>>> print(open('query_36.txt').read())   # compact mmCIF, C-alpha atoms
# COMPACT_ATOMS: atom_id res chain seq x y z
CA LEU L 1 -22.60 -14.77 6.65
CA GLU L 2 -25.55 -15.56 8.89
CA THR L 3 -26.75 -13.21 11.63
CA GLU L 4 -29.63 -13.45 14.09
CA ASP L 5 -31.81 -11.23 11.88
CA GLY L 6 -30.79 -12.34 8.41
CA TYR L 7 -27.73 -12.89 6.28
CA VAL L 8 -24.95 -10.79 4.84
CA ILE L 9 -23.33 -11.24 1.47
CA MET L 10 -19.74 -10.03 1.46
CA ASP L 11 -17.78 -9.09 -1.66
CA PRO L 12 -14.27 -10.31 -0.74
CA HIS L 13 -12.53 -8.06 -3.28
CA ALA L 14 -14.32 -4.89 -2.17
CA ALA L 15 -13.89 -5.79 1.52
CA HIS L 16 -10.18 -6.54 1.14
CA GLU L 17 -9.74 -3.35 -0.89
CA ARG L 18 -11.31 -1.32 1.96
CA VAL L 19 -9.10 -2.99 4.56
CA LEU L 20 -5.92 -2.37 2.53
CA PHE L 21 -6.92 1.21 1.79
CA GLU L 22 -7.58 2.12 5.42
CA ARG L 23 -4.44 0.40 6.71
CA PHE L 24 -2.16 1.96 4.13
CA MET L 25 -3.76 5.41 4.46
CA ALA L 26 -3.27 5.30 8.24
CA ASP L 27 0.37 4.23 7.82
CA PHE L 28 0.94 6.91 5.18
CA LEU L 29 -0.56 9.71 7.28
CA ASP L 30 1.43 8.56 10.33
CA GLY L 31 4.63 8.43 8.28
CA LYS L 32 5.10 4.76 9.20
CA ILE L 33 4.71 2.87 5.95
CA GLN L 34 5.49 -0.82 6.26
CA LYS L 35 7.77 -1.91 3.44
CA GLN L 36 8.51 -5.28 1.89
CA ASP L 37 11.93 -5.83 0.34
CA LEU L 38 11.70 -7.94 -2.79
CA LEU L 39 13.86 -11.05 -2.73
CA ILE L 40 14.54 -10.50 -6.42
CA PRO L 41 14.19 -6.89 -7.60
CA GLU L 42 11.85 -6.45 -10.55
CA THR L 43 12.92 -4.63 -13.69
CA ILE L 44 9.98 -3.02 -15.43
CA GLU L 45 10.08 -1.70 -18.99
CA MET L 46 7.53 1.09 -19.48
CA LYS L 47 6.08 2.79 -22.50
CA SER L 48 7.81 6.13 -23.03
CA GLN L 49 4.82 8.16 -21.89
CA ASP L 50 4.45 6.13 -18.67
CA ALA L 51 8.22 6.31 -18.01
CA VAL L 52 8.08 10.11 -18.22
CA ARG L 53 5.18 10.13 -15.74
CA ILE L 54 7.05 7.85 -13.34
CA ARG L 55 10.22 9.98 -13.51
CA LYS L 56 8.13 13.06 -12.79
CA ASN L 57 6.62 11.39 -9.69
CA LEU L 58 9.59 9.42 -8.30
CA LYS L 59 9.51 11.43 -5.06
CA ILE L 60 5.83 10.57 -4.48
CA PHE L 61 6.47 6.87 -5.16
CA LYS L 62 9.25 6.90 -2.60
CA GLU L 63 6.97 8.67 -0.09
CA MET L 64 4.45 5.88 -0.68
CA GLY L 65 7.06 3.24 0.21
CA PHE L 66 8.29 2.12 -3.19
CA GLY L 67 11.98 1.45 -3.72
CA ILE L 68 12.21 2.53 -7.34
CA SER L 69 15.11 3.76 -9.41
CA GLU L 70 15.82 4.39 -13.06
CA PHE L 71 17.60 1.63 -14.93
CA GLY L 72 18.27 3.32 -18.27
CA GLY L 73 15.96 4.06 -21.14
CA ASP L 74 12.39 3.54 -20.07
CA SER L 75 13.25 0.86 -17.50
CA PHE L 76 12.97 0.99 -13.72
CA VAL L 77 14.11 -1.33 -10.96
CA ILE L 78 11.76 -1.90 -8.04
CA ASP L 79 13.30 -3.49 -4.96
CA VAL L 80 10.84 -2.43 -2.24
CA LEU L 81 7.04 -2.31 -2.18
CA PRO L 82 4.60 -1.04 0.42
CA ALA L 83 3.86 -4.21 2.42
CA HIS L 84 0.10 -3.82 2.06
CA PHE L 85 0.41 -4.01 -1.73
CA SER L 86 2.95 -6.81 -2.07
CA ARG L 87 0.37 -9.08 -3.78
CA ALA L 88 -0.09 -6.70 -6.71
CA SER L 89 1.62 -6.89 -10.09
CA VAL L 90 4.35 -4.26 -9.83
CA GLY L 91 4.16 -3.00 -13.42
CA SER L 92 0.42 -2.50 -13.59
CA LEU L 93 0.40 -1.05 -10.06
CA LEU L 94 2.95 1.62 -11.03
CA ILE L 95 1.15 2.48 -14.26
CA ASP L 96 -2.23 2.79 -12.54
CA ILE L 97 -0.85 4.94 -9.72
CA VAL L 98 1.04 7.28 -12.02
CA ARG L 99 -2.05 7.76 -14.22
CA VAL L 100 -4.14 8.57 -11.14
CA LEU L 101 -1.47 11.03 -10.02
CA GLU L 102 -1.54 12.72 -13.39
CA GLN L 103 -5.34 12.96 -13.45
CA ALA L 104 -5.48 14.19 -9.85
CA GLY L 105 -2.80 16.77 -10.64
CA GLU L 106 -4.97 18.18 -13.39
CA ARG L 107 -7.96 18.48 -11.06
CA ASP L 108 -6.51 18.94 -7.59
CA GLY L 109 -2.80 18.44 -7.15
CA LYS L 110 -2.76 19.12 -3.42
CA GLY L 111 -4.99 16.55 -1.75
CA ARG L 112 -6.89 13.98 -3.75
CA TRP L 113 -3.85 12.30 -5.31
CA ARG L 114 -3.18 10.47 -2.05
CA GLU L 115 -6.62 8.95 -1.68
CA GLU L 116 -7.05 8.18 -5.36
CA SER L 117 -3.63 6.61 -5.87
CA ILE L 118 -3.85 4.61 -2.63
CA ALA L 119 -7.36 3.44 -3.55
CA GLN L 120 -6.07 2.31 -6.95
CA ALA L 121 -3.16 0.47 -5.35
CA ALA L 122 -5.51 -1.20 -2.86
CA CYS L 123 -7.73 -2.34 -5.72
CA LYS L 124 -4.77 -3.90 -7.56
CA ALA L 125 -3.51 -5.66 -4.41
CA ALA L 126 -6.86 -6.95 -3.13
CA VAL L 127 -8.00 -10.53 -3.63
CA LYS L 128 -9.64 -11.13 -6.99
CA ALA L 129 -12.91 -12.80 -7.89
CA ARG L 130 -11.26 -16.08 -8.88
CA ASP L 131 -8.91 -16.26 -5.89
CA LYS L 132 -9.63 -19.17 -3.56
CA LEU L 133 -9.79 -18.14 0.09
CA THR L 134 -9.44 -20.57 2.95
CA LEU L 135 -11.93 -20.53 5.81
CA GLU L 136 -9.27 -18.87 7.99
CA GLU L 137 -8.70 -16.14 5.38
CA ILE L 138 -12.45 -15.49 5.12
CA GLU L 139 -12.78 -15.30 8.90
CA GLN L 140 -9.85 -12.88 9.09
CA LEU L 141 -11.37 -10.73 6.34
CA VAL L 142 -14.64 -10.53 8.29
CA ILE L 143 -12.71 -9.46 11.41
CA ASP L 144 -10.67 -6.95 9.41
CA ILE L 145 -13.64 -5.36 7.63
CA ALA L 146 -15.51 -5.09 10.94
CA SER L 147 -12.63 -3.03 12.34
CA CYS L 148 -12.67 -0.52 9.46
CA ASP L 149 -13.90 3.04 9.94
CA MET L 150 -16.09 2.76 6.83
CA PRO L 151 -16.74 -0.97 6.31
CA TYR L 152 -19.72 -0.69 3.96
CA THR L 153 -18.03 0.28 0.68
CA CYS L 154 -14.68 -0.03 -1.01
CA PRO L 155 -12.82 3.26 -1.64
CA HIS L 156 -14.48 3.47 -5.07
CA GLY L 157 -17.99 3.15 -3.60
CA ARG L 158 -18.86 -0.49 -4.34
CA PRO L 159 -20.66 -2.23 -1.47
CA THR L 160 -18.60 -4.58 0.66
CA LEU L 161 -21.56 -6.02 2.55
CA ILE L 162 -25.22 -6.45 1.67
CA PHE L 163 -27.64 -7.36 4.47
CA THR L 164 -30.90 -9.22 3.82
CA SER L 165 -33.38 -9.64 6.63
CA PHE L 166 -35.08 -13.00 7.17
CA LYS L 167 -38.35 -11.07 7.15
>>> encode(input="query_36.txt", output="structure tokens")
Amino acid sequence: LETEDGYVIMDPHAAHERVLFERFMADFLDGKIQKQDLLIPETIEMKSQDAVRIRKNLKIFKEMGFGISEFGGDSFVIDVLPAHFSRASVGSLLIDIVRVLEQAGERDGKGRWREESIAQAACKAAVKARDKLTLEEIEQLVIDIASCDMPYTCPHGRPTLIFTSFK
């Protein structure tokens, strides 16, 4: 991106991750999570250890906007996703979130689980390095990142924008 004083290199993945994180966190804290019903519910078969973790955290998943229910054995049916994360692979998203919840519970079960699990979900749902973006999508991402409270890094600390002066 060119400016009057130089140019800015934007990492689309990190920028999109920041946008998704801030939007979902705001919705979560306001209790107004936007949900996306799946046209065809997904049945996910988990490893036993991950299934136990998911069962233990079903209430948290529902608070986060997931429509998830047990389907026998180590299987779960997902019929609703948080709208901000509808691009993500459901199975890997659930596994990553539940592992973050477990790690956060060991360190600080009261507060950090939200930020860490939402940051992980945002990372999974954000555009990837090989994704092709249209000019309109790039322009919208620039507008969206500019409206963020903390537009300079993704939730994990990677830079979203790097400015280089013409000087």
>>> atom_distance(input="query_36.txt", atom1="CA of Val8 (chain L)", atom2="CA of Cys148 (chain L)")
16.7 Å
>>> residues_near_point(input="query_36.txt", point="(3.7, -9.5, -10.9)", cutoff="12 Å", atoms="all atoms listed in the file", output="ChimeraX atom specification")
/L:38,40-44,78,81,85-94,124-125
>>> atom_distance(input="query_36.txt", atom1="CA of Ala119 (chain L)", atom2="CA of Tyr7 (chain L)")
27.9 Å
>>> closest_residue(input="query_36.txt", among="L:Arg23, L:Lys59, L:Arg158, L:His16", to="Ile118 (chain L)", atoms="all atoms listed in the file")
L:Arg23
>>> closest_atom_pairs(input="query_36.txt", of="region 52-164 of chain L", to="region 17-20 of chain L", cutoff="9 Å", atoms="all atoms listed in the file", output="CSV")
residue,atom,partner,partner_atom,distance
L:His84,CA,L:Leu20,CA,6.2
L:Phe85,CA,L:Leu20,CA,7.8
L:Ile118,CA,L:Leu20,CA,8.9
L:Ala119,CA,L:Glu17,CA,7.7
L:Ala121,CA,L:Leu20,CA,8.8
L:Ala122,CA,L:Glu17,CA,5.1
L:Cys123,CA,L:Glu17,CA,5.3
L:Lys124,CA,L:Glu17,CA,8.3
L:Ala125,CA,L:Glu17,CA,7.5
L:Ala126,CA,L:Glu17,CA,5.1
L:Val127,CA,L:Glu17,CA,7.9
L:Leu141,CA,L:Val19,CA,8.3
L:Asp144,CA,L:Val19,CA,6.5
L:Ile145,CA,L:Val19,CA,6.0
L:Ser147,CA,L:Val19,CA,8.5
L:Cys148,CA,L:Val19,CA,6.5
L:Met150,CA,L:Arg18,CA,8.0
L:Pro151,CA,L:Arg18,CA,7.0
L:Tyr152,CA,L:Arg18,CA,8.7
L:Thr153,CA,L:Arg18,CA,7.0
L:Cys154,CA,L:Arg18,CA,4.7
L:Pro155,CA,L:Arg18,CA,6.0
L:Thr160,CA,L:Arg18,CA,8.1
>>> closest_residue(input="query_36.txt", among="L:Ile60, L:Asp30, L:Phe76, L:Arg114", to="Ser48 (chain L)", atoms="all atoms listed in the file")
L:Phe76
>>> atom_distance(input="query_36.txt", atom1="CA of Leu58 (chain L)", atom2="CA of Gln103 (chain L)")
16.2 Å
>>> residues_near_point(input="query_36.txt", point="(1.0, 1.4, 5.9)", cutoff="8 Å", atoms="only C-alpha atoms", output="list in words")
Arg23, Phe24, Met25, Ala26, Asp27, Phe28, Lys32, Ile33, Gln34, Lys35, Pro82, Ala83 and His84 of chain L
>>> decode(input="query_36.txt", residues="region 60-86 of chain L", atoms="N, CA, C and O atoms", output="PDB file, in the first residue's frame")
ATOM      1  N   ILE L  60     -18.920 -24.126  27.288  1.00  0.00           N
ATOM      2  CA  ILE L  60     -18.112 -23.011  26.760  1.00  0.00           C
ATOM      3  C   ILE L  60     -18.277 -22.909  25.254  1.00  0.00           C
ATOM      4  O   ILE L  60     -18.432 -21.817  24.712  1.00  0.00           O
ATOM      5  N   PHE L  61     -18.276 -24.051  24.548  1.00  0.00           N
ATOM      6  CA  PHE L  61     -18.478 -24.022  23.104  1.00  0.00           C
ATOM      7  C   PHE L  61     -19.824 -23.396  22.754  1.00  0.00           C
ATOM      8  O   PHE L  61     -19.930 -22.602  21.831  1.00  0.00           O
ATOM      9  N   LYS L  62     -20.844 -23.757  23.521  1.00  0.00           N
ATOM     10  CA  LYS L  62     -22.167 -23.179  23.261  1.00  0.00           C
ATOM     11  C   LYS L  62     -22.181 -21.683  23.546  1.00  0.00           C
ATOM     12  O   LYS L  62     -22.793 -20.909  22.817  1.00  0.00           O
ATOM     13  N   GLU L  63     -21.478 -21.249  24.601  1.00  0.00           N
ATOM     14  CA  GLU L  63     -21.356 -19.818  24.900  1.00  0.00           C
ATOM     15  C   GLU L  63     -20.653 -19.079  23.765  1.00  0.00           C
ATOM     16  O   GLU L  63     -20.936 -17.910  23.512  1.00  0.00           O
ATOM     17  N   MET L  64     -19.734 -19.771  23.093  1.00  0.00           N
ATOM     18  CA  MET L  64     -18.989 -19.164  21.988  1.00  0.00           C
ATOM     19  C   MET L  64     -19.791 -19.161  20.685  1.00  0.00           C
ATOM     20  O   MET L  64     -19.336 -18.611  19.693  1.00  0.00           O
ATOM     21  N   GLY L  65     -20.969 -19.788  20.664  1.00  0.00           N
ATOM     22  CA  GLY L  65     -21.801 -19.757  19.479  1.00  0.00           C
ATOM     23  C   GLY L  65     -21.803 -21.017  18.642  1.00  0.00           C
ATOM     24  O   GLY L  65     -22.342 -21.030  17.538  1.00  0.00           O
ATOM     25  N   PHE L  66     -21.226 -22.087  19.157  1.00  0.00           N
ATOM     26  CA  PHE L  66     -21.230 -23.360  18.440  1.00  0.00           C
ATOM     27  C   PHE L  66     -22.509 -24.119  18.762  1.00  0.00           C
ATOM     28  O   PHE L  66     -22.935 -24.169  19.912  1.00  0.00           O
ATOM     29  N   GLY L  67     -23.111 -24.718  17.756  1.00  0.00           N
ATOM     30  CA  GLY L  67     -24.196 -25.667  17.953  1.00  0.00           C
ATOM     31  C   GLY L  67     -23.562 -27.035  17.882  1.00  0.00           C
ATOM     32  O   GLY L  67     -23.262 -27.530  16.794  1.00  0.00           O
ATOM     33  N   ILE L  68     -23.297 -27.626  19.018  1.00  0.00           N
ATOM     34  CA  ILE L  68     -22.557 -28.888  19.068  1.00  0.00           C
ATOM     35  C   ILE L  68     -23.273 -29.841  20.018  1.00  0.00           C
ATOM     36  O   ILE L  68     -23.724 -29.437  21.084  1.00  0.00           O
ATOM     37  N   SER L  69     -23.383 -31.081  19.586  1.00  0.00           N
ATOM     38  CA  SER L  69     -23.991 -32.085  20.447  1.00  0.00           C
ATOM     39  C   SER L  69     -23.307 -33.422  20.213  1.00  0.00           C
ATOM     40  O   SER L  69     -22.748 -33.682  19.147  1.00  0.00           O
ATOM     41  N   GLU L  70     -23.375 -34.266  21.231  1.00  0.00           N
ATOM     42  CA  GLU L  70     -22.768 -35.591  21.134  1.00  0.00           C
ATOM     43  C   GLU L  70     -23.574 -36.454  20.167  1.00  0.00           C
ATOM     44  O   GLU L  70     -24.783 -36.323  20.066  1.00  0.00           O
ATOM     45  N   PHE L  71     -22.854 -37.341  19.476  1.00  0.00           N
ATOM     46  CA  PHE L  71     -23.499 -38.175  18.470  1.00  0.00           C
ATOM     47  C   PHE L  71     -23.148 -39.652  18.681  1.00  0.00           C
ATOM     48  O   PHE L  71     -23.222 -40.450  17.789  1.00  0.00           O
ATOM     49  N   GLY L  72     -22.717 -39.971  19.898  1.00  0.00           N
ATOM     50  CA  GLY L  72     -22.353 -41.354  20.211  1.00  0.00           C
ATOM     51  C   GLY L  72     -20.874 -41.595  20.034  1.00  0.00           C
ATOM     52  O   GLY L  72     -20.244 -41.039  19.131  1.00  0.00           O
ATOM     53  N   GLY L  73     -20.327 -42.392  20.908  1.00  0.00           N
ATOM     54  CA  GLY L  73     -18.894 -42.682  20.851  1.00  0.00           C
ATOM     55  C   GLY L  73     -18.097 -41.402  21.017  1.00  0.00           C
ATOM     56  O   GLY L  73     -18.342 -40.611  21.922  1.00  0.00           O
ATOM     57  N   ASP L  74     -17.176 -41.210  20.124  1.00  0.00           N
ATOM     58  CA  ASP L  74     -16.350 -40.000  20.147  1.00  0.00           C
ATOM     59  C   ASP L  74     -16.726 -39.058  19.011  1.00  0.00           C
ATOM     60  O   ASP L  74     -15.898 -38.294  18.514  1.00  0.00           O
ATOM     61  N   SER L  75     -17.990 -39.100  18.599  1.00  0.00           N
ATOM     62  CA  SER L  75     -18.477 -38.272  17.499  1.00  0.00           C
ATOM     63  C   SER L  75     -19.338 -37.129  18.024  1.00  0.00           C
ATOM     64  O   SER L  75     -20.005 -37.261  19.053  1.00  0.00           O
ATOM     65  N   PHE L  76     -19.308 -36.028  17.275  1.00  0.00           N
ATOM     66  CA  PHE L  76     -20.109 -34.850  17.596  1.00  0.00           C
ATOM     67  C   PHE L  76     -20.728 -34.327  16.311  1.00  0.00           C
ATOM     68  O   PHE L  76     -20.153 -34.458  15.239  1.00  0.00           O
ATOM     69  N   VAL L  77     -21.903 -33.729  16.447  1.00  0.00           N
ATOM     70  CA  VAL L  77     -22.561 -33.083  15.323  1.00  0.00           C
ATOM     71  C   VAL L  77     -22.508 -31.588  15.565  1.00  0.00           C
ATOM     72  O   VAL L  77     -22.871 -31.111  16.649  1.00  0.00           O
ATOM     73  N   ILE L  78     -22.051 -30.859  14.562  1.00  0.00           N
ATOM     74  CA  ILE L  78     -21.990 -29.399  14.626  1.00  0.00           C
ATOM     75  C   ILE L  78     -22.957 -28.875  13.581  1.00  0.00           C
ATOM     76  O   ILE L  78     -22.841 -29.188  12.394  1.00  0.00           O
ATOM     77  N   ASP L  79     -23.936 -28.085  14.028  1.00  0.00           N
ATOM     78  CA  ASP L  79     -24.916 -27.541  13.088  1.00  0.00           C
ATOM     79  C   ASP L  79     -24.933 -26.014  13.059  1.00  0.00           C
ATOM     80  O   ASP L  79     -25.605 -25.416  12.237  1.00  0.00           O
ATOM     81  N   VAL L  80     -24.185 -25.389  13.969  1.00  0.00           N
ATOM     82  CA  VAL L  80     -24.091 -23.927  14.012  1.00  0.00           C
ATOM     83  C   VAL L  80     -22.658 -23.555  14.346  1.00  0.00           C
ATOM     84  O   VAL L  80     -22.023 -24.178  15.204  1.00  0.00           O
ATOM     85  N   LEU L  81     -22.150 -22.535  13.666  1.00  0.00           N
ATOM     86  CA  LEU L  81     -20.819 -21.989  13.947  1.00  0.00           C
ATOM     87  C   LEU L  81     -20.942 -20.501  14.229  1.00  0.00           C
ATOM     88  O   LEU L  81     -21.855 -19.841  13.718  1.00  0.00           O
ATOM     89  N   PRO L  82     -19.998 -19.946  14.992  1.00  0.00           N
ATOM     90  CA  PRO L  82     -19.946 -18.490  15.081  1.00  0.00           C
ATOM     91  C   PRO L  82     -19.713 -17.952  13.667  1.00  0.00           C
ATOM     92  O   PRO L  82     -18.839 -18.450  12.945  1.00  0.00           O
ATOM     93  N   ALA L  83     -20.484 -16.964  13.248  1.00  0.00           N
ATOM     94  CA  ALA L  83     -20.426 -16.475  11.866  1.00  0.00           C
ATOM     95  C   ALA L  83     -19.034 -16.001  11.474  1.00  0.00           C
ATOM     96  O   ALA L  83     -18.612 -16.190  10.335  1.00  0.00           O
ATOM     97  N   HIS L  84     -18.307 -15.417  12.400  1.00  0.00           N
ATOM     98  CA  HIS L  84     -16.970 -14.909  12.078  1.00  0.00           C
ATOM     99  C   HIS L  84     -15.996 -16.026  11.706  1.00  0.00           C
ATOM    100  O   HIS L  84     -14.985 -15.776  11.056  1.00  0.00           O
ATOM    101  N   PHE L  85     -16.289 -17.254  12.137  1.00  0.00           N
ATOM    102  CA  PHE L  85     -15.366 -18.363  11.919  1.00  0.00           C
ATOM    103  C   PHE L  85     -15.906 -19.404  10.953  1.00  0.00           C
ATOM    104  O   PHE L  85     -15.441 -20.539  10.907  1.00  0.00           O
ATOM    105  N   SER L  86     -16.870 -19.031  10.139  1.00  0.00           N
ATOM    106  CA  SER L  86     -17.515 -19.998   9.250  1.00  0.00           C
ATOM    107  C   SER L  86     -16.588 -20.504   8.143  1.00  0.00           C
ATOM    108  O   SER L  86     -16.867 -21.522   7.530  1.00  0.00           O
TER     109      SER L  86
END
